[in-house]
Amino acid sequence: MTKTWLIYALGGGWGHLTRALSLGRIAATQRKVKIITNSPYAQQIDNEGCFIYLIPGNAGVSETCLQVREILYNTSYDRLIIDTFPRGLGGELADILPKLDHIPQILIHRDINPRYVAAKKLRSFIIENFDKVIVPGEGEDLPFCDLSMVHHTAPWLIRNSWELPDRVTTRSRILKVDQSVKTILVCAAGKTSELPLFGELALWLQENFPNCAVRILAPTCPSEFPQALWVSHHPGIECLAAADIVVGGAGYNTVYECAAVGVPLVALPLERLYDRQERRADKSNWVQNIENALFEEQLVHIYTTVSLLLDQVEIGKNSSVPFYINGAVQAVEQIEQT
């Protein structure tokens, strides 16, 4: 009988869903994979061979918790994989997981705010309810990394290096940019409420770097933004690999995808309730971190940083994407052994 994995990946933006798909698409070659998500972008992307349980983003906390409970209690699966939030995004898993202790439970441990860890007593909850904790490339100094059940992998990526098209192809077909033009890509992969900010930033970059091609990668086009500069494409890593410079937040996927494909990231760490984007940006050698300040002050730093990076860009450099290790492959093996 074919095994089934159920992945809990609630959370706004691209992050949790992309990480779940990175794992799920590889696992789905030999088993069924089902993903629970409330990402507003889920209907705009390929499910990568996985079945998607889509909970509407406007369902509200109570309704979302009810739907999660319904899925977990009435779906057949052999592994339960929880991304980031041990007790669930709304705390709805706190009383569910103990009742599912006959099913191996795996926590994906991305960096998380220590205040949340302490307030919800997550350490004891994890020890009591999870069989394994997998850290997807976030280092060895996270809150639970000292637990004996912890296993580390490289960062998870939605594509292996050999699956990505070369830079020339992506620039021509997707970004609509000539290979001889230096390209700045604004990655608007976070909350929908942040789209106007990134749209404004992209227009500012276009005005201040007129000899460059500026594009914004976003699920929807910002209001009153030129359609010719907007790119809606999944997976976004293909576009990042074709850019010379990426400007965006410092979320999990943005940081590790840029590092994997060898493209510098000018990051504006964004406020999150649980994630610590500024810490992630500071730890990465590939990220030029723009410190939190008034937007006008950040623009000054962005201009200086982008200018310096553009001076280092080699026109017509090797069009192939560098080889990198995809930790999602390692994670599938770790989960199968649980």
# chains A, B, ... in the order shown; residues from 1 in each chain; ligands from 1
$ residues_around --residues "stretch 38-43 of chain A" --least-positions-apart "2" --cutoff "8 Å" --atoms "only C-alpha atoms" --output "list in words"
Ala9, Leu10, Gly11, Gly12, Gly13, Trp14, Leu17, Ile36, Ile45, Leu54, Ile55, Pro56, Gly57 and Pro219 of chain A
$ residues_around --residues "A:Leu147" --least-positions-apart "4" --cutoff "10 Å" --atoms "only C-alpha atoms" --output "list of chain:residue names"
A:Arg123, A:Ile126, A:Ile127, A:Lys132, A:Val133, A:Pro143, A:His151
$ write_last_selection --atoms "N, CA, C and O atoms" --output "compact mmCIF listing (two decimals), in the first residue's frame"
# COMPACT_ATOMS: atom_id res chain seq x y z
N ARG A 123 9.51 23.75 24.41
CA ARG A 123 10.54 22.72 24.56
C ARG A 123 9.94 21.41 25.10
O ARG A 123 10.13 20.34 24.52
N ILE A 126 7.54 19.77 22.56
CA ILE A 126 8.22 19.05 21.47
C ILE A 126 8.74 17.70 21.95
O ILE A 126 8.57 16.68 21.28
N ILE A 127 9.35 17.68 23.12
CA ILE A 127 9.88 16.43 23.66
C ILE A 127 8.78 15.40 23.83
O ILE A 127 8.95 14.20 23.55
N LYS A 132 10.89 13.32 15.83
CA LYS A 132 12.10 13.83 15.20
C LYS A 132 11.93 15.32 14.91
O LYS A 132 10.83 15.79 14.64
N VAL A 133 13.05 16.04 14.98
CA VAL A 133 13.09 17.47 14.63
C VAL A 133 14.13 17.64 13.53
O VAL A 133 15.28 17.22 13.70
N PRO A 143 16.65 27.37 19.14
CA PRO A 143 16.21 27.00 20.49
C PRO A 143 16.23 25.51 20.83
O PRO A 143 16.47 25.15 21.98
N HIS A 151 17.98 16.61 13.73
CA HIS A 151 18.80 16.25 12.58
C HIS A 151 18.88 17.47 11.66
O HIS A 151 17.87 18.15 11.42
$ residues_around --residues "A:Leu21" --least-positions-apart "4" --cutoff "8 Å" --atoms "only C-alpha atoms" --output "list of chain:residue names"
A:Leu17, A:Arg25, A:Asn47, A:Glu48, A:Cys50, A:Ile158
$ write_last_selection --atoms "all heavy atoms" --output "mmCIF file, in the first residue's frame"
data_model
loop_
_atom_site.group_PDB
_atom_site.id
_atom_site.type_symbol
_atom_site.label_atom_id
_atom_site.label_comp_id
_atom_site.auth_asym_id
_atom_site.auth_seq_id
_atom_site.Cartn_x
_atom_site.Cartn_y
_atom_site.Cartn_z
ATOM 1 N N LEU A 17 4.474 27.433 2.373
ATOM 2 C CA LEU A 17 4.013 26.602 1.266
ATOM 3 C C LEU A 17 5.171 26.170 0.375
ATOM 4 O O LEU A 17 5.258 25.006 -0.033
ATOM 5 C CB LEU A 17 2.968 27.359 0.446
ATOM 6 C CG LEU A 17 2.417 26.619 -0.774
ATOM 7 C CD1 LEU A 17 1.805 25.287 -0.377
ATOM 8 C CD2 LEU A 17 1.402 27.481 -1.511
ATOM 9 N N ARG A 25 7.402 17.583 -3.229
ATOM 10 C CA ARG A 25 7.581 17.186 -4.629
ATOM 11 C C ARG A 25 8.578 16.036 -4.766
ATOM 12 O O ARG A 25 8.447 15.199 -5.658
ATOM 13 C CB ARG A 25 8.025 18.386 -5.475
ATOM 14 C CG ARG A 25 9.399 18.921 -5.124
ATOM 15 C CD ARG A 25 9.737 20.174 -5.916
ATOM 16 N NE ARG A 25 9.930 19.876 -7.320
ATOM 17 C CZ ARG A 25 11.115 19.643 -7.880
ATOM 18 N NH1 ARG A 25 12.214 19.642 -7.130
ATOM 19 N NH2 ARG A 25 11.218 19.386 -9.153
ATOM 20 N N ASN A 47 0.974 22.448 -8.012
ATOM 21 C CA ASN A 47 1.013 21.712 -6.751
ATOM 22 C C ASN A 47 2.168 20.727 -6.665
ATOM 23 O O ASN A 47 2.317 20.007 -5.674
ATOM 24 C CB ASN A 47 -0.313 21.001 -6.494
ATOM 25 C CG ASN A 47 -0.654 19.967 -7.554
ATOM 26 O OD1 ASN A 47 0.204 19.528 -8.335
ATOM 27 N ND2 ASN A 47 -1.908 19.573 -7.604
ATOM 28 N N GLU A 48 2.990 20.643 -7.728
ATOM 29 C CA GLU A 48 4.219 19.853 -7.712
ATOM 30 C C GLU A 48 3.973 18.376 -7.403
ATOM 31 O O GLU A 48 4.803 17.706 -6.799
ATOM 32 C CB GLU A 48 5.229 20.428 -6.706
ATOM 33 C CG GLU A 48 5.594 21.881 -6.921
ATOM 34 C CD GLU A 48 6.501 22.108 -8.126
ATOM 35 O OE1 GLU A 48 7.005 21.112 -8.668
ATOM 36 O OE2 GLU A 48 6.692 23.270 -8.505
ATOM 37 N N CYS A 50 1.645 17.231 -5.423
ATOM 38 C CA CYS A 50 1.067 17.086 -4.089
ATOM 39 C C CYS A 50 -0.416 17.478 -4.111
ATOM 40 O O CYS A 50 -0.835 18.307 -4.924
ATOM 41 C CB CYS A 50 1.806 17.973 -3.087
ATOM 42 S SG CYS A 50 3.586 17.700 -3.017
ATOM 43 N N ILE A 158 13.097 24.579 -3.790
ATOM 44 C CA ILE A 158 12.004 24.104 -4.631
ATOM 45 C C ILE A 158 12.491 23.479 -5.935
ATOM 46 O O ILE A 158 11.742 22.779 -6.617
ATOM 47 C CB ILE A 158 11.012 25.259 -4.911
ATOM 48 C CG1 ILE A 158 9.696 24.769 -5.511
ATOM 49 C CG2 ILE A 158 11.648 26.318 -5.795
ATOM 50 C CD1 ILE A 158 8.831 23.992 -4.587
#
$ residues_around --residues "stretch 312-314 of chain A" --least-positions-apart "2" --cutoff "12 Å" --atoms "only C-alpha atoms" --output "ChimeraX atom specification"
/A:179-184,212,243-245,262-264,305-310,316-319
$ closest_residue --among "A:Leu157, A:Ala119, A:Val246, A:Ala281" --to "A:Tyr324" --atoms "only C-alpha atoms"
A:Leu157
$ select_by_dssp --residues "stretch 267-334 of chain A" --states "helix (DSSP H, G or I)" --output "ChimeraX atom specification"
/A:277-283,295-311,327-334
$ residues_around --residues "A:Ala241" --least-positions-apart "4" --cutoff "9 Å" --atoms "only C-alpha atoms" --output "list in words"
Leu164, Pro165, Asp166, Arg167, Thr170, Gly236, Ile237, Glu257, Cys258, Ala260, Val261, Gly262, Val263 and Val321 of chain A
$ write_last_selection --atoms "C-alpha atoms" --output "compact mmCIF listing (two decimals), in the first residue's frame"
# COMPACT_ATOMS: atom_id res chain seq x y z
CA LEU A 164 16.95 25.28 -13.41
CA PRO A 165 17.07 26.76 -16.92
CA ASP A 166 20.16 28.76 -17.83
CA ARG A 167 20.20 32.50 -17.24
CA THR A 170 15.03 32.79 -18.22
CA GLY A 236 10.62 32.14 -8.12
CA ILE A 237 14.10 30.64 -7.77
CA GLU A 257 17.57 30.62 -2.78
CA CYS A 258 19.79 33.63 -3.51
CA ALA A 260 22.18 28.74 -3.67
CA VAL A 261 22.13 30.37 -7.11
CA GLY A 262 24.96 32.80 -6.30
CA VAL A 263 23.09 36.09 -6.62
CA VAL A 321 23.52 27.95 -12.48
$ residues_around --residues "A:Phe225" --least-positions-apart "3" --cutoff "10 Å" --atoms "only C-alpha atoms" --output "ChimeraX atom specification"
/A:196,199-200,202-203,216,221-222,228-230
$ select_by_dssp --residues "stretch 32-184 of chain A" --states "strand (DSSP E)" --output "PyMOL selection string"
chain A and resi 32-37+51-54+79-83+105-108+132-136+150-153+183-184
$ residues_around --residues "stretch 205-208 of chain A" --least-positions-apart "6" --cutoff "9 Å" --atoms "only C-alpha atoms" --output "short mmCIF file (atom, residue, chain, number, x, y, z; two decimals) with C-alpha atoms, in the first residue's frame"
data_model
loop_
_atom_site.label_atom_id
_atom_site.label_comp_id
_atom_site.auth_asym_id
_atom_site.auth_seq_id
_atom_site.Cartn_x
_atom_site.Cartn_y
_atom_site.Cartn_z
CA ILE A 184 17.75 44.14 -10.61
CA VAL A 214 14.26 46.46 -13.03
CA ARG A 215 11.59 43.79 -12.56
CA TYR A 303 21.36 53.10 -3.46
#
$ decode --residues "stretch 20-38 of chain A" --atoms "N, CA, C and O atoms" --output "mmCIF file, in the first residue's frame"
data_model
loop_
_atom_site.group_PDB
_atom_site.id
_atom_site.type_symbol
_atom_site.label_atom_id
_atom_site.label_comp_id
_atom_site.auth_asym_id
_atom_site.auth_seq_id
_atom_site.Cartn_x
_atom_site.Cartn_y
_atom_site.Cartn_z
ATOM 1 N N ALA A 20 7.130 23.491 2.087
ATOM 2 C CA ALA A 20 6.385 22.227 2.053
ATOM 3 C C ALA A 20 6.452 21.586 0.675
ATOM 4 O O ALA A 20 6.617 20.364 0.550
ATOM 5 N N LEU A 21 6.332 22.387 -0.368
ATOM 6 C CA LEU A 21 6.402 21.859 -1.726
ATOM 7 C C LEU A 21 7.814 21.373 -2.057
ATOM 8 O O LEU A 21 7.985 20.418 -2.821
ATOM 9 N N SER A 22 8.827 22.046 -1.510
ATOM 10 C CA SER A 22 10.208 21.616 -1.734
ATOM 11 C C SER A 22 10.406 20.189 -1.246
ATOM 12 O O SER A 22 11.061 19.373 -1.907
ATOM 13 N N LEU A 23 9.835 19.898 -0.082
ATOM 14 C CA LEU A 23 9.905 18.546 0.462
ATOM 15 C C LEU A 23 8.938 17.616 -0.261
ATOM 16 O O LEU A 23 9.290 16.508 -0.671
ATOM 17 N N GLY A 24 7.700 18.091 -0.432
ATOM 18 C CA GLY A 24 6.642 17.242 -0.946
ATOM 19 C C GLY A 24 6.859 16.744 -2.360
ATOM 20 O O GLY A 24 6.565 15.589 -2.673
ATOM 21 N N ARG A 25 7.402 17.583 -3.229
ATOM 22 C CA ARG A 25 7.581 17.186 -4.629
ATOM 23 C C ARG A 25 8.578 16.036 -4.766
ATOM 24 O O ARG A 25 8.447 15.199 -5.658
ATOM 25 N N ILE A 26 9.569 16.000 -3.885
ATOM 26 C CA ILE A 26 10.555 14.926 -3.911
ATOM 27 C C ILE A 26 9.963 13.655 -3.290
ATOM 28 O O ILE A 26 10.096 12.559 -3.824
ATOM 29 N N ALA A 27 9.263 13.834 -2.173
ATOM 30 C CA ALA A 27 8.643 12.686 -1.514
ATOM 31 C C ALA A 27 7.560 12.059 -2.390
ATOM 32 O O ALA A 27 7.342 10.846 -2.355
ATOM 33 N N ALA A 28 6.877 12.890 -3.192
ATOM 34 C CA ALA A 28 5.735 12.419 -3.985
ATOM 35 C C ALA A 28 6.120 11.475 -5.111
ATOM 36 O O ALA A 28 5.239 10.855 -5.723
ATOM 37 N N THR A 29 7.400 11.330 -5.382
ATOM 38 C CA THR A 29 7.809 10.379 -6.422
ATOM 39 C C THR A 29 7.588 8.931 -5.985
ATOM 40 O O THR A 29 7.505 8.038 -6.824
ATOM 41 N N GLN A 30 7.487 8.709 -4.661
ATOM 42 C CA GLN A 30 7.324 7.341 -4.168
ATOM 43 C C GLN A 30 6.168 7.184 -3.183
ATOM 44 O O GLN A 30 5.932 6.078 -2.681
ATOM 45 N N ARG A 31 5.468 8.258 -2.884
ATOM 46 C CA ARG A 31 4.370 8.193 -1.920
ATOM 47 C C ARG A 31 3.395 9.339 -2.180
ATOM 48 O O ARG A 31 3.704 10.255 -2.934
ATOM 49 N N LYS A 32 2.235 9.278 -1.571
ATOM 50 C CA LYS A 32 1.281 10.374 -1.683
ATOM 51 C C LYS A 32 1.652 11.463 -0.672
ATOM 52 O O LYS A 32 2.054 11.158 0.453
ATOM 53 N N VAL A 33 1.523 12.708 -1.091
ATOM 54 C CA VAL A 33 1.813 13.817 -0.199
ATOM 55 C C VAL A 33 0.635 14.786 -0.217
ATOM 56 O O VAL A 33 0.166 15.197 -1.283
ATOM 57 N N LYS A 34 0.167 15.139 0.975
ATOM 58 C CA LYS A 34 -0.925 16.092 1.121
ATOM 59 C C LYS A 34 -0.442 17.262 1.972
ATOM 60 O O LYS A 34 0.251 17.054 2.978
ATOM 61 N N ILE A 35 -0.789 18.468 1.565
ATOM 62 C CA ILE A 35 -0.315 19.676 2.249
ATOM 63 C C ILE A 35 -1.500 20.530 2.685
ATOM 64 O O ILE A 35 -2.392 20.810 1.886
ATOM 65 N N ILE A 36 -1.483 20.935 3.949
ATOM 66 C CA ILE A 36 -2.486 21.867 4.460
ATOM 67 C C ILE A 36 -1.886 23.267 4.430
ATOM 68 O O ILE A 36 -0.827 23.502 5.013
ATOM 69 N N THR A 37 -2.542 24.188 3.748
ATOM 70 C CA THR A 37 -2.027 25.557 3.650
ATOM 71 C C THR A 37 -3.171 26.554 3.661
ATOM 72 O O THR A 37 -4.301 26.228 3.298
ATOM 73 N N ASN A 38 -2.870 27.766 4.088
ATOM 74 C CA ASN A 38 -3.814 28.877 3.961
ATOM 75 C C ASN A 38 -3.165 30.031 3.206
ATOM 76 O O ASN A 38 -3.597 31.178 3.313
#
